[in-house]
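Visitor: I'd like to ask you about the structure that follows.
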Amino acid sequence: VSFTSSSELSNSHGPGFAKLNRRDGAGGWSPLDSNKYQWLEIKLEQRTEITAIATQGRYGSSDWVTRYFLMFSDTGHNWRPYRQEDSIGAFSGNSNADSVVMYKLQQPVIAQYVRILPLDWNPNGRIGLRLEAYGCQYKSDVVGFDGSAHLLFRPDPSVTPANRDVLSMNFKTLLNSGTLVHMEERSGHTLTLELFRGKLLLQLRKGRGSSADFHPLVSLGSLLDDQHWHHVSVERVRGLVNFTVDKNTQQFQLPESWSHSEINEISFGGTSAAGLQKSHSRRNFHGCLENVLYNDISVIERAEEKQVSITGNVSFTCTESIDVPVTFASPGSFLALPWVSGGESVSVALQFRTWNKAGLLMTFDLQHNAGTLWLYLSEARVRLQIHKTGRLMTDITAVILNCNNISTFFSFYCISYQINAALVSRRDKKTHTCEHECSPSRCEHGGRCSQSWSTFHCNCSATGYGGATCHSSIYEASCEAYKHKGNTSGFYYIDVDGSGPIKPQLIYCNISDKAWMVIQHNNTELTKLKVSSGINQHLAHFNYSADVEQIQAIITQAEYCEQELSYHCKKSRLLNTPDGAPFSWWVGQSGEAHMYWGGAVPGSQQCACGLQENCVHPEHFCNCDADSKEWCDTHSCPAHITTPNHIRIRQYVDLKEIKPTFMFLCIVAFIPSKFIINAWRCLCFSNSMNQSHLNFRCKNSIRTGQFDSFPRTSLIK
């Protein structure tokens, strides 16, 4: 382990004395000048899984750091900041010279270099620091590709295919496009993972031959061509896939043809020329892969042992680029370099990426007093101008994506350079990777993210949410809240969980002495049914103005909630009381069947009149069980279900001739669903857990019939 620094106050204040708890020398490191351009760096013996950082001030002094940035690197040139909760945050340092302040990193970092950049220090002293990094050994198997090579791995066909396939690896590159993985299953379908314009695309191709089509499945990540390691994994459990890039995961379903497919071969780093013609990038990967595992098999180890087919020039080392990315951290940042022209021509090449539409890229004076050249961005286009004595001599405008030796990658204002000269002036320059504030998006609830070089913005229009990140709902959580604001009955957007994941819904509020939430369905017209053979069931859908999640949230938060189920019947025994097996039951929201009617006790197999001992025929526990030729009187058959986990009836099964009405009724929610059925043998209601509709099934014993409805006013009490 060795220590280096930006500068030192004296030999006794050098970085060699900066190890934690050292007291020799001046008792720690102090730079020549105490400003924000100083740094202290540790070089570890090898790449290490770093888990914690500890700091001290300079021993026996008034010199300590109170706040700092933490950065990591594999090479000592290309740096990345440590991110806390997806943002670059400063660490709090010391409050005296000798106490140790340790931070356990939430996410361990793999690196060989650690750098501390002091931001604030004791105002009565100087920057003073002692430092220690803690971690574990890290095993790294790497393979390098030059853009024309690839590895071909074939799983052992004698091994029984598992229901779960997992492919994971790390990669890094400076090129923004190239095929990383190409998987082919026995029927010829392929699954391809490729880097395209700095993003990872996972796409499926069905079948073989030139007619086979690629179907993009999902895209993740951004600015992945930054020469830093990125983690990617593809986990398939039958047809369900979890696709992860760094800490972001998307889940999707593969087509049925892939649900039970077997992988025949996997190509890493690219594929054949024929396969590339169907990809977006049309090129193999140029960069490094690390710790490539397929179902716990190390592909790189197999390749080193010649158990994997190798095509082209593959090396088992990772060659680092000599290009160094530089971030200009503020509008006043710049690099000034000495330059003396040695001839009649000059060639300057650079790459940059920026979110800004305007800004100066480069300027210098031409020889022989020919003027001053300005290269800059204006309205997202590159412009080159030459000015001489106040006159515009040359003005060239180019599309931003193609301008001679200039190329763009869209990120914070960054430059890559190769110049054999020393820096004359250096202001507010940071050698670390550019940051992408919108990948993943910091905007919630579908807000659209955009950014400049220093900040990001969320467009929350049409989302129902507001605030800097579209976090706060602009709607009330209940009809009761609208009532307190002085609103009268009408339609209002309700966001029952505020800033939570449930979307706002347009719902009718019936506001009187209390506020009722009314959720309606779309099927109140007469519905005729065809003749049933006694086996098939008829189906009608009831689509509600609120989805299942919102209804469940309403039930959970309600002060009181009930569902009313009323019906009329003739010649239709319902529960077959007192001794028979029930002809009907209903299914609550949790899926259990219940053989009691609303108003009775759960598990009683009775209607309300049976519980109250006022049925028309006392020997039965339900009026319908008398099998009367007359319609049951509506007012003698009201039914209320008040058990919370029974409310939201999903199914109603095996009724004869009935005339039912379903109603959800809560202090904050009123959800009616109304029908009259004439002469039906069986009636079923169900609600699929992942759809916001009520399924209605009937099986009849006569040839014709229709649904009818009650007037709404007759149901509200």
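Identifiers in the structure tokens: chain A, B, ... in order shown; residue index from 1 per chain; ligand index from 1 in order shown.
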Show which residues sit within 12 Å of A:Asp146, as a JSON list (two decimals) with N, CA, C and O atoms, in the first residue's frame. Count only C-alpha atoms, and ignore same-chain residues fewer than 3 positions away.
Guide:
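Printed below is selection.json as written:
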```json
[["chain", "number", "residue", "atom", "x", "y", "z"],
["A", 143, "VAL", "N", -11.19, -10.98, -19.56],
["A", 143, "VAL", "CA", -10.86, -11.29, -20.94],
["A", 143, "VAL", "C", -11.04, -10.01, -21.74],
["A", 143, "VAL", "O", -12.01, -9.26, -21.53],
["A", 149, "ALA", "N", -13.07, -10.38, -32.19],
["A", 149, "ALA", "CA", -12.98, -11.72, -31.60],
["A", 149, "ALA", "C", -14.22, -12.04, -30.79],
["A", 149, "ALA", "O", -15.01, -11.16, -30.43],
["A", 150, "HIS", "N", -14.39, -13.32, -30.48],
["A", 150, "HIS", "CA", -15.45, -13.73, -29.57],
["A", 150, "HIS", "C", -15.16, -15.13, -29.04],
["A", 150, "HIS", "O", -14.35, -15.88, -29.60],
["A", 173, "THR", "N", -15.84, -0.48, -21.36],
["A", 173, "THR", "CA", -15.44, -0.15, -22.72],
["A", 173, "THR", "C", -15.45, 1.36, -22.90],
["A", 173, "THR", "O", -16.10, 2.09, -22.12],
["A", 174, "LEU", "N", -14.76, 1.83, -23.94],
["A", 174, "LEU", "CA", -14.82, 3.23, -24.34],
["A", 174, "LEU", "C", -15.63, 3.43, -25.60],
["A", 174, "LEU", "O", -15.89, 4.56, -26.01],
["A", 175, "LEU", "N", -16.03, 2.31, -26.25],
["A", 175, "LEU", "CA", -16.86, 2.40, -27.45],
["A", 175, "LEU", "C", -18.31, 2.22, -27.07],
["A", 175, "LEU", "O", -18.65, 1.37, -26.23],
["A", 178, "GLY", "N", -21.63, -2.35, -29.53],
["A", 178, "GLY", "CA", -20.99, -3.64, -29.75],
["A", 178, "GLY", "C", -21.79, -4.75, -29.10],
["A", 178, "GLY", "O", -22.44, -4.55, -28.07],
["A", 269, "GLY", "N", -18.68, -11.52, -26.42],
["A", 269, "GLY", "CA", -17.82, -10.56, -27.10],
["A", 269, "GLY", "C", -18.21, -10.30, -28.53],
["A", 269, "GLY", "O", -17.58, -9.49, -29.21],
["A", 270, "GLY", "N", -19.24, -10.97, -29.00],
["A", 270, "GLY", "CA", -19.69, -10.77, -30.37],
["A", 270, "GLY", "C", -20.22, -12.06, -30.95],
["A", 270, "GLY", "O", -20.53, -13.01, -30.24],
["A", 283, "ARG", "N", -21.43, -4.59, -34.93],
["A", 283, "ARG", "CA", -20.02, -4.74, -34.62],
["A", 283, "ARG", "C", -19.88, -5.58, -33.35],
["A", 283, "ARG", "O", -20.81, -5.67, -32.55],
["A", 284, "ASN", "N", -18.73, -6.23, -33.22],
["A", 284, "ASN", "CA", -18.43, -6.97, -32.02],
["A", 284, "ASN", "C", -17.99, -6.02, -30.91],
["A", 284, "ASN", "O", -17.68, -4.85, -31.16],
["A", 285, "PHE", "N", -17.93, -6.55, -29.73],
["A", 285, "PHE", "CA", -17.59, -5.76, -28.55],
["A", 285, "PHE", "C", -16.09, -5.47, -28.51],
["A", 285, "PHE", "O", -15.27, -6.36, -28.74],
["A", 286, "HIS", "N", -15.72, -4.24, -28.20],
["A", 286, "HIS", "CA", -14.33, -3.86, -28.02],
["A", 286, "HIS", "C", -14.17, -3.35, -26.59],
["A", 286, "HIS", "O", -14.60, -2.25, -26.25],
["A", 287, "GLY", "N", -13.60, -4.18, -25.73],
["A", 287, "GLY", "CA", -13.46, -3.84, -24.32],
["A", 287, "GLY", "C", -13.15, -5.07, -23.51],
["A", 287, "GLY", "O", -12.58, -6.05, -24.03],
["A", 288, "CYS", "N", -13.52, -5.06, -22.24],
["A", 288, "CYS", "CA", -13.17, -6.15, -21.31],
["A", 288, "CYS", "C", -14.42, -6.71, -20.65],
["A", 288, "CYS", "O", -15.35, -5.96, -20.32],
["A", 289, "LEU", "N", -14.44, -8.03, -20.45],
["A", 289, "LEU", "CA", -15.45, -8.71, -19.65],
["A", 289, "LEU", "C", -14.75, -9.30, -18.42],
["A", 289, "LEU", "O", -13.60, -9.72, -18.49],
["A", 311, "THR", "N", -12.37, -17.40, -31.16],
["A", 311, "THR", "CA", -12.21, -16.88, -32.52],
["A", 311, "THR", "C", -11.59, -15.50, -32.45],
["A", 311, "THR", "O", -12.10, -14.62, -31.75],
["A", 312, "GLY", "N", -10.50, -15.27, -33.17],
["A", 312, "GLY", "CA", -9.87, -13.97, -33.19],
["A", 312, "GLY", "C", -8.88, -13.77, -32.07],
["A", 312, "GLY", "O", -8.47, -14.70, -31.36],
["A", 313, "ASN", "N", -8.50, -12.51, -31.86],
["A", 313, "ASN", "CA", -7.47, -12.14, -30.89],
["A", 313, "ASN", "C", -8.11, -11.83, -29.55],
["A", 313, "ASN", "O", -8.69, -10.77, -29.35],
["A", 314, "VAL", "N", -8.01, -12.79, -28.61],
["A", 314, "VAL", "CA", -8.55, -12.64, -27.27],
["A", 314, "VAL", "C", -7.40, -12.67, -26.28],
["A", 314, "VAL", "O", -6.52, -13.54, -26.37],
["A", 315, "SER", "N", -7.35, -11.74, -25.34],
["A", 315, "SER", "CA", -6.32, -11.72, -24.30],
["A", 315, "SER", "C", -6.98, -11.84, -22.94],
["A", 315, "SER", "O", -8.12, -11.39, -22.75],
["A", 316, "PHE", "N", -6.28, -12.45, -22.00],
["A", 316, "PHE", "CA", -6.83, -12.62, -20.66],
["A", 316, "PHE", "C", -6.27, -11.56, -19.71],
["A", 316, "PHE", "O", -5.96, -11.81, -18.55],
["A", 317, "THR", "N", -6.17, -10.37, -20.23],
["A", 317, "THR", "CA", -5.84, -9.16, -19.48],
["A", 317, "THR", "C", -6.75, -8.06, -19.99],
["A", 317, "THR", "O", -7.38, -8.18, -21.04],
["A", 318, "CYS", "N", -6.81, -6.97, -19.23],
["A", 318, "CYS", "CA", -7.65, -5.83, -19.64],
["A", 318, "CYS", "C", -6.75, -4.63, -19.84],
["A", 318, "CYS", "O", -6.22, -4.06, -18.88],
["A", 319, "THR", "N", -6.52, -4.26, -21.09],
["A", 319, "THR", "CA", -5.66, -3.14, -21.43],
["A", 319, "THR", "C", -6.41, -1.83, -21.25],
["A", 319, "THR", "O", -7.53, -1.66, -21.75]]
```
Visitor: Can you tell me which residues surround A:Phe364 at a distance of at most 8 Å, considering only C-alpha atoms, apart from same-chain residues fewer than 3 positions away, and format the answer as a PDB file with N, CA and C atoms, in the first residue's frame?
Guide:
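As a result, part_36.pdb now contains:
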```pdb
ATOM      1  N   THR A 372      -8.492  34.683 -34.557  1.00  0.00           N
ATOM      2  CA  THR A 372      -8.755  33.795 -33.423  1.00  0.00           C
ATOM      3  C   THR A 372      -9.840  32.797 -33.809  1.00  0.00           C
ATOM      4  N   LEU A 373      -9.581  31.529 -33.564  1.00  0.00           N
ATOM      5  CA  LEU A 373     -10.551  30.469 -33.871  1.00  0.00           C
ATOM      6  C   LEU A 373     -11.391  30.170 -32.639  1.00  0.00           C
ATOM      7  N   TRP A 374     -12.689  30.064 -32.844  1.00  0.00           N
ATOM      8  CA  TRP A 374     -13.636  29.704 -31.780  1.00  0.00           C
ATOM      9  C   TRP A 374     -14.417  28.473 -32.233  1.00  0.00           C
TER      10      TRP A 374
END
```
Visitor: Could you give me, as a list of chain:residue names, the residues within 9 Å of A:Ile263, counting only C-alpha atoms and dropping anything in the same chain fewer than 3 positions from it?
Guide: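 Once the nearby chain positions are removed, what remains is A:Arg154, A:Pro155, A:Pro161, A:Met183, A:Glu184, A:Glu185, A:Arg186, A:Ile266.
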Visitor: Would you save the residues from that selection as a PDB file, in the first residue's frame, using C-alpha atoms?
Guide:
```pdb
ATOM      1  CA  ARG A 154     -21.683 -24.675 -25.438  1.00  0.00           C
ATOM      2  CA  PRO A 155     -23.443 -25.959 -22.283  1.00  0.00           C
ATOM      3  CA  PRO A 161     -31.747 -28.274 -18.156  1.00  0.00           C
ATOM      4  CA  MET A 183     -27.502 -16.853 -27.074  1.00  0.00           C
ATOM      5  CA  GLU A 184     -29.071 -19.403 -29.390  1.00  0.00           C
ATOM      6  CA  GLU A 185     -31.515 -22.124 -28.419  1.00  0.00           C
ATOM      7  CA  ARG A 186     -32.057 -25.423 -30.209  1.00  0.00           C
ATOM      8  CA  ILE A 266     -23.618 -18.723 -26.096  1.00  0.00           C
TER       9      ILE A 266
END
```
Visitor: Looking only at helix (DSSP H, G or I) from DSSP on the backbone, list the matching residues of stretch 173-262 of chain A as a list in words.
Guide: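 Output for stretch 173-262 of chain A, helix (DSSP H, G or I) only: Glu256, Ser257, Trp258 and Ser259 of chain A.
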Visitor: Could you pull the residues within 6 Å of stretch 629-631 of chain A, counting only C-alpha atoms, minus those fewer than 4 positions along the same chain, as a PyMOL selection string?
Guide: chain A and resi 569-571
Visitor: I'd like the contact shell of A:Val232 - 10 Å cut-off, only C-alpha atoms, skipping same-chain residues fewer than 2 positions apart - returned as an NGL selection string.
Guide: :A and (167-171 or 193 or 200 or 220-221 or 229-230 or 234 or 243-249 or 292)
Visitor: Any idea what's packed within 12 Å of A:Glu379, counting only C-alpha atoms, ignoring anything in its chain fewer than 3 positions away? Could you give it as a ChimeraX atom specification?
Guide: /A:355-359,376,382-383,397-400
Visitor: Suppose we keep N, CA and C atoms; can you now write the selection as an mmCIF file, in the first residue's frame?
Guide:
```
data_model
loop_
_atom_site.group_PDB
_atom_site.id
_atom_site.type_symbol
_atom_site.label_atom_id
_atom_site.label_comp_id
_atom_site.auth_asym_id
_atom_site.auth_seq_id
_atom_site.Cartn_x
_atom_site.Cartn_y
_atom_site.Cartn_z
ATOM 1 N N TRP A 355 -24.990 17.867 -21.930
ATOM 2 C CA TRP A 355 -26.445 18.037 -21.967
ATOM 3 C C TRP A 355 -26.814 19.467 -22.361
ATOM 4 N N ASN A 356 -25.852 20.342 -22.384
ATOM 5 C CA ASN A 356 -26.122 21.733 -22.726
ATOM 6 C C ASN A 356 -26.202 21.919 -24.233
ATOM 7 N N LYS A 357 -27.012 22.870 -24.638
ATOM 8 C CA LYS A 357 -27.145 23.174 -26.054
ATOM 9 C C LYS A 357 -26.180 24.274 -26.497
ATOM 10 N N ALA A 358 -25.476 24.883 -25.542
ATOM 11 C CA ALA A 358 -24.553 25.964 -25.887
ATOM 12 C C ALA A 358 -23.361 25.926 -24.946
ATOM 13 N N GLY A 359 -22.200 26.351 -25.450
ATOM 14 C CA GLY A 359 -21.007 26.414 -24.620
ATOM 15 C C GLY A 359 -19.747 26.382 -25.464
ATOM 16 N N TYR A 376 -17.478 26.126 -30.781
ATOM 17 C CA TYR A 376 -18.448 26.178 -29.683
ATOM 18 C C TYR A 376 -19.768 25.536 -30.108
ATOM 19 N N VAL A 382 -22.641 22.325 -33.636
ATOM 20 C CA VAL A 382 -21.249 22.739 -33.516
ATOM 21 C C VAL A 382 -20.968 23.856 -34.524
ATOM 22 N N ARG A 383 -20.370 24.938 -34.038
ATOM 23 C CA ARG A 383 -20.044 26.070 -34.917
ATOM 24 C C ARG A 383 -18.553 26.374 -34.802
ATOM 25 N N THR A 397 -21.227 25.873 -39.687
ATOM 26 C CA THR A 397 -22.141 25.205 -38.754
ATOM 27 C C THR A 397 -22.305 23.767 -39.191
ATOM 28 N N ALA A 398 -22.224 22.857 -38.235
ATOM 29 C CA ALA A 398 -22.332 21.428 -38.548
ATOM 30 C C ALA A 398 -23.348 20.786 -37.620
ATOM 31 N N VAL A 399 -23.984 19.699 -38.108
ATOM 32 C CA VAL A 399 -24.867 18.892 -37.266
ATOM 33 C C VAL A 399 -24.043 18.309 -36.133
ATOM 34 N N ILE A 400 -24.589 18.266 -34.954
ATOM 35 C CA ILE A 400 -23.817 17.910 -33.769
ATOM 36 C C ILE A 400 -23.273 16.488 -33.810
#
```
Visitor: Return the single residue from A:Ser512, A:Gln227, A:Ser158, A:Gln137 that is closest to A:Asp74, with distances computed using only C-alpha atoms.
Guide: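 Checking each of A:Ser512, A:Gln227, A:Ser158, A:Gln137 against A:Asp74, counting only C-alpha atoms, the winner is A:Gln227.
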Visitor: Determine, counting only C-alpha atoms, which protein, DNA and RNA residues have an atom within 12 Å of an atom of A:Asp579; residues of the same chain fewer than 3 positions away are not included. Present the result as an MDAnalysis selection string.
Guide: chainID A and resid 575:576 582:583 605:606 619:621 625
Visitor: Restricting the calculation to only C-alpha atoms, which member of A:Leu360, A:Val65, A:Ala468, A:Ala90 is positioned closest to A:Asn122?
Guide: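 Closest candidate: A:Val65.
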Visitor: Within stretch 21-132 of chain A, find each residue whose DSSP state, derived from the backbone, is strand (DSSP E), and express the selection as a count of residues only.
Guide: 59
